[in-house]
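Trainee: Structure below; questions to follow.
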Amino acid sequence: MANYLAHFQTIKNACDHLVIAVEDVSDLWPAVRKGFEERLPLKRAYLNNKTRNSVLVEKLSAEFIITTDPRLRSRFPQEQLLFWFREPYATVVLVSCEDLDEFKTILKPRLKLIVQNDEREWFIVFVSKAHPNNDQATKMAKRVYTRLEVDFSSKKRERCCKLDIHSPEPNFWEDLESKIMESIRNTLDRRVQFYEDEIRKLSEQRLTPIWNFCNFFILKFLYGLKVSVRNNMLPDGYWESLAFMFEMAHLHEDALREYDELELCYLETVNAAGKQRDFGGTDQGDDQAALLNPGNKLLTQIVQDDSFREFEFRQYLFACQSKLLFKLNRPFEVASRGYSFVISFSKALAHHESMLPFCMREVWVVSACLALINATASHYNDGFGAPDIEKGFYCVQGNLYSLCRVKFMRLAYLIGYGTEIERSPVNSASLSMLSWPMPAVWPPVPPDASSLVLEKEKVILQATPRVKHFGIQRKPLPLEPSTLLREANRRRASLSAGNMVEMFEGRPIIFDGSGSDASVRMSPSSKVHVISMTRTNSSPINFESSIDRPMRLAEIYVAAEHALQQTISDTDLWKSLSSVEGFEKKYLELTKGAADNYHHSWWKRHGVVLDGEIAAVCYKHGNFDLAAKSYEKVCALYAGEGWQDLLAEVLPNLAECQKILNDEAGYLSSCVRLLSLDKSLFSTKERQAFQSEVVRLAHSEMKHPVPLDVSSLITFAGNPGPPLELCDGDPGTLSVTVWSGFPDDITLESLSLTLVATSNVDEGVKALRSSSAPILKPGRNTIILALPPQKPGSYVLGVLTGQIGQLRFRSHSFSKGGPADSDDFMSYEKPARPILKVSKPRPLVDLAAAISSALLMNEPQWVGIIVRPINYSLKGAVLYIDTGPGLKIEESYPIELERHFDVSQSTTDMESCDQPRKNDSSVAIKEFEQLILQNDRIVLPDWASKITSVIWFPICAISDKLARGTSSVMPQKPSIVDGMRTIALKLEFGVSLNQTFDRTLAVHFTDPFHLSTRVVDKCNDGTLLLQVTLHSQVKATLTIYDAWLDLQDGFVHAGRGDGRPTSAFFPLVIAPTAKAGILFCICLGTTIPGVEGWLSLWAPDNLLNLLDICLWLYIGCDIATKSFLPHDLSVWNFLRLLIARGLLCLVLLEIWSIHNTEKLYILSILPLDNDAKAPQPESMLNIRYGIAGNRTIGAHAPVTVEPARSEDSKQDLIFRSALVLQRPVMDPCLAVGFLPLSSGGLRVGQLVTMKWRIEWLKDFDENSISENNDEVLYEVNANSETWMIAGRKRGHVSLSKKQGSRIVISILCLPLVAGYVHPPNLGLPNVDEANISCNPAGPHLVCVLPPIFSSSFCIPA
């Protein structure tokens, strides 16, 4: 078996291509060899893999070997059967013949003999030697080739091809390559199928006792001997290893799969319970991994009974796999598989560590990782793989470097280099979880190592841990899983485990250089004593009895170093461990390699952490610049991940580097970050040292002052609860909570805070500054900032800036607010909570009139203004009142303020309006208060700041215009504009009265009545019944107590003559907006101007005696005629007037007193001015009335200073209105008549001619018409909704001045609506109506018919 394995491995190492046999029957090979070999390697060959799928092989290596070559002829039959993979995959038969008879008798039988073996893949190449110019020879060659095809080819397979040696055909070489590939493919498929059948049979026997792995391996790789004998193979039948066969055929995937199956089968065999096997690994050089060298050892050297030694064979299988993976250009998979293999194989080494050399596991892992790193890195091309593959490759490379680094540090620690290893968190985590070597017996101290022991002890005693900056006291992190001194002595054969008293013999623990258990400080005197005692125990005499006593730490180092020197065969590795400089160089190389690869992978954080280890070495050698840069990366990582415990270990180192480099900004930042860490990580004294450094630098003269970011130390937030809500333009105060992480109080020169709008990113930040220099105490501080008016939007806290001495700082950190009892709660808030909301411009308040109906004109009335805040406080608001023209405020009366209740408002709305009042319980709500108007302004009280209130102030509308009645025939409504008055209001409100609201209110004032007159009846005696209709124009109850009518010239009262109505139903009550009528009896008559009014002075109601009149007439008639009576009234006419008034009887009864001259005083009160006795053109109706109304509705009783004393007391008012009474036309000058229309009638849409006739009835009066007596001005008036005028509406017509002259005026009109409508009216503007007689006398109606239906578009049936 060993001979076969050795021979197999030799042939396998020397053969890497397929063999194609050449059977040269006609000695043609020398002539065609060059052309055949130029076609190698075969391009784009398609082969079938193990699953019978076609696989493309770009270049298939092969070699043409003639059958007479010794390589195919010299082996024994057993060798031919064993090394089947070496046998040809195709046989090319070269023949040539120019005679048909020779072919039949000689060539054909020989060919039959050659191709009779069915196991061989063959085809025939007929070489024609005929010259192209020799037609006879060419024809004969074609006949022979045709006969050759008939005899050896079939329909299923073409086995012949022709080569013309003088002029080969272009497609011959393609035909040749296709036949070669077909033969190779068939041979490979047949051998694979046969192999699988045999493997399956042997695999079924795996559970039987006779099965062993060596037989399976030989069959899987060298199967042939037993199989060929059983199948009676011919001596020239060849087999080969399936895996190697796939490899030779460039089917690397299939070959790799065979190796994977073999490895699984082997591991099952090794792990199966059975007899004890030799693991291996004890030979010289086994400490160097052979993961990439399959020929490191011969298979014959690792055979053990029915299997192979695990140490060598598992490495051999991985080397074969890695070789195939490199051929497949998959270095990433090599690295990935290699890392997993190193981890699993390291466990196997640990399992057999007691039988292996000292630290064999650590040394082998270091060599394996370095070998994988170098090999995979050389085969990997950057940028040619997918991004995920590339990052994965660098990640595995980093893992290999990191594993190698940890094992290397363990070896260095064992030989006494522990003081040179940085006690960082990553090193502590890696080494403290890594177990110590576990040899069967700890290696002893060599006999001649006393000097080495003394040197190690000196190094141990002189080693002092580096004191951190700021005097930080920390327990050094451990670098070992347990005390090395105890572990080493426990593994000595002569000591029992755990006998600590015997091990240490009272020696101080300071000799353990690990630092985890040796934190006790010794005085210099004790150190000297220990040194002297150590020298005594380190003498060579003591070494002789070292077995009987525990080993000291220095002895353990020396023993481990000596044992490692025997284990390590790699000179480079031992050189790295032979000195401190070599160790640091190798340590940096491995750490940088791991960090660089991690930086290119997904695990960038691992790279940053390892940068910190590089920084420690740089700091040790004084390269503070590089150390600071690396420490900054590590600190940034730890801070970003929130690993404060780790950050507390590294950040002081960074601060120390920055201080040495005079980096003031960086040093300040590091001090601030140290203060911002958890309080439990540092003592109060250490934190105070951090703050003192910050304050010292802040008050010093820094060369390059830069703003300091204290986001991790000083945080801020708004008060809990909803954000502060302001309206557009409102200032305010913003309360901000600031958390200080300083251990002591710190004084700030200034402090400001910026607000950032969340809706408008283009708007710049706005800074709020503190008015005083605040002092921040540790923990929670409340800062009050003045807030100027802001634009509408939502605002969040931006940046907190301030100044400590000369140092400006800023903080971007937002705190969530924390619980009320927490003073040191600091955290980031995402997203930021709005601190301020400024609403868009909206109505904040509304001013409206409390009434909508009219008030009394010329009377003091209450005008109410409703002040309604809209979710806004009106505290301290000031209302300015400016009355317009025609209005005045009665300042003698107080202004009243009361709460407003709107019955039209729903209950829900009222509750929402009163919600602010309910929330503010500090303000007592009143219902009524009197205010004083000062300088046209009113200050609202606080109780009315959040509720709807109404302000009542007395105002009087002044109007000198006399009210006038209208005729019921031509009614005219009074104009609303005449009684409209305006009040300009301006309300200033807000925090600092910054908000203003202007509004101008229109208030309607009117007379209590609107009068309209009409003649109800005309009696036979000339008496007229005049009806005066009183229209109430106010929403109040009016009570009429008295009314009298002063008639104009031409009319006199009938009856009593006192001007009272005929029927006096007083008091007369008129409901709001209702009507009432009063009848007066009047008649036509002559009234002496001035006398009628004079007579009324002595009416019985005025308690004057008409005797005075008679006395005056008797004594001073001449004077009266000249002085008092009008020029056209004599004394007798005056007496007749008395008789007509029914006063003559009174005169006769009192005639006896005519001599009484005591009453001549009446002359002094008589109006003797003739100018005041002008003719009265209008009648005047006087009404004495009272009003009962509510000021919240409309008109009401005039404002009085004192309220009414009793219900009977009333306040009477006088209303006077002019009435125009028109006398009937008695002697007209002109007659205007409306001529009748045509009999056809009027119809909508048809033009009609309207005609009027004008005629002079008598000679005209020069004052009655216009100055131009030959022309008359006319004007046609018509309602535009019912008529359309087609002619001129206004113009002049010529009319003679003679009596009886007439003219007809015609106008085209178009009716617009159907029904009874008023026709157009012709008027003469320049002629007085008293001189015109109209026919018909008043307005009349005409009938307009609807339009005729049109049938223009009707279709006859």
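Letters for chains follow the order of the structure tokens (A, B, ...), residue numbers begin at 1 for each chain, and ligand numbers begin at 1 in the order shown.
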Can you pull out every residue within 10 Å of segment 647-654 of chain A, counting only C-alpha atoms, but drop anything in the same chain fewer than 4 positions away, and send it as a PyMOL selection string?
Mentor: chain A and resi 423-425+468-472+474+477+612+615-616+619+624+627-632+634-639+641-643+658-660+666-667+670-671+673-674+677-678+681-682
Trainee: Identify, on the basis of only C-alpha atoms, every residue whose closest approach to Trp862 of chain A does not exceed 8 Å; exclude the query and any residue fewer than 6 positions from it along the same chain; express the result as a list in words.
Mentor: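 Surrounding residues, per the criterion: Trp952, Phe953, Pro954, Ile955, Arg1191 and Val1199 of chain A.
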Trainee: May I have the selected residues written with N, CA, C and O atoms, as a compact mmCIF listing (two decimals), in the first residue's frame?
Mentor:
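As written to disk, part.txt reads:
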# COMPACT_ATOMS: atom_id res chain seq x y z
N TRP A 952 -70.90 100.25 27.05
CA TRP A 952 -71.98 101.19 26.74
C TRP A 952 -71.51 102.60 27.05
O TRP A 952 -71.07 102.88 28.16
N PHE A 953 -71.58 103.46 26.05
CA PHE A 953 -71.23 104.86 26.28
C PHE A 953 -72.31 105.74 25.63
O PHE A 953 -72.84 105.42 24.57
N PRO A 954 -72.64 106.86 26.30
CA PRO A 954 -73.71 107.73 25.79
C PRO A 954 -73.19 108.60 24.65
O PRO A 954 -72.11 109.18 24.73
N ILE A 955 -73.98 108.69 23.63
CA ILE A 955 -73.60 109.45 22.46
C ILE A 955 -74.84 110.09 21.88
O ILE A 955 -75.95 109.56 22.00
N ARG A 1191 -81.82 99.14 25.36
CA ARG A 1191 -80.63 99.60 24.65
C ARG A 1191 -79.89 98.47 23.95
O ARG A 1191 -79.07 98.71 23.06
N VAL A 1199 -80.59 109.16 27.66
CA VAL A 1199 -79.74 108.95 28.82
C VAL A 1199 -79.97 110.07 29.82
O VAL A 1199 -79.99 111.26 29.45
Trainee: For a quick check of understanding, using only C-alpha atoms, which of A:Val1272, A:Leu1068, A:Asp1017, A:Ala429 has the smallest distance to Phe1080 of chain A?
Mentor: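 Smallest separation from Phe1080 of chain A among the options: A:Asp1017.
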Trainee: Suppose you want the space between atom CA of Leu1310 of chain A and atom CA of Ala1286 of chain A; what is it in Å?
Mentor: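 Answer for the atom CA of Leu1310 of chain A to atom CA of Ala1286 of chain A separation: 7.3 Å.
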Trainee: What parts of segment 694-820 of chain A does DSSP call helix (DSSP H, G or I)? I'd like the answer as a count of residues only.
Mentor: 5
Trainee: Which residues, written as a PyMOL selection string, have at least one atom at most 10 Å from Glu898 of chain A, with only C-alpha atoms counted and residues fewer than 4 positions away on the same chain left out?
Mentor: chain A and resi 866+926-930+944+948-952
Trainee: Write the selection just made, keeping C-alpha atoms, as a JSON list (two decimals), in the first residue's frame?
Mentor:
[["chain", "number", "residue", "atom", "x", "y", "z"],
["A", 866, "ILE", "CA", -69.06, 94.22, 21.93],
["A", 926, "LYS", "CA", -67.52, 90.58, 37.56],
["A", 927, "GLU", "CA", -70.74, 91.36, 35.76],
["A", 928, "PHE", "CA", -70.77, 95.17, 35.73],
["A", 929, "GLU", "CA", -68.42, 98.11, 36.20],
["A", 930, "GLN", "CA", -68.50, 101.82, 35.44],
["A", 944, "ALA", "CA", -62.91, 91.40, 31.17],
["A", 948, "THR", "CA", -66.83, 88.74, 25.85],
["A", 949, "SER", "CA", -67.98, 92.09, 27.21],
["A", 950, "VAL", "CA", -69.95, 95.07, 25.98],
["A", 951, "ILE", "CA", -69.08, 98.72, 26.56],
["A", 952, "TRP", "CA", -71.98, 101.19, 26.74]]
Trainee: Do a neighbour search on Phe358 of chain A at 9 Å with only C-alpha atoms, toss out local chain neighbours closer than 5 positions, and write the hits as number ranges by chain.
Mentor: A: 353, 437-439, 442-443, 560, 563-564, 566-567
Trainee: I'd like the interatomic distance between atom CA of Asp611 of chain A and atom CA of Thr591 of chain A, to a tenth of an Å.
Mentor: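 So the answer is 7.9 Å.
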Trainee: Applying 10 Å and only C-alpha atoms, which residues near segment 1241-1245 of chain A remain after dropping the ones on its own chain fewer than 2 positions away? List them as a list in words.
Mentor: Leu1237, Ser1238, Ser1239, Leu1247, Val1248, Thr1282, Trp1283, Met1284, Cys1309, Leu1310, Pro1311, Leu1312, Val1313, Ala1314, Gly1315, Val1342, Cys1343, Val1344, Leu1345, Pro1346, Pro1347 and Ile1348 of chain A
Trainee: Suppose you want the space between atom CA of Glu158 of chain A and atom CA of Asp27 of chain A; what is it in Å?
Mentor: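 Taking atom CA of Glu158 of chain A and atom CA of Asp27 of chain A, their separation equals 23.5 Å.
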Trainee: Per DSSP on the backbone, filter segment 956-1094 of chain A down to the residues in strand (DSSP E) and report them as a ChimeraX atom specification.
Mentor: /A:956-957,963-964,966-967,980-989,995-1006,1009-1018,1023-1032,1037-1046,1051-1053,1068-1070,1075-1084
Trainee: Quick one: residues within 7 Å of segment 129-137 of chain A, only C-alpha atoms, excluding same-chain residues fewer than 6 positions away - as a PyMOL selection string?
Mentor: chain A and resi 98+164-166
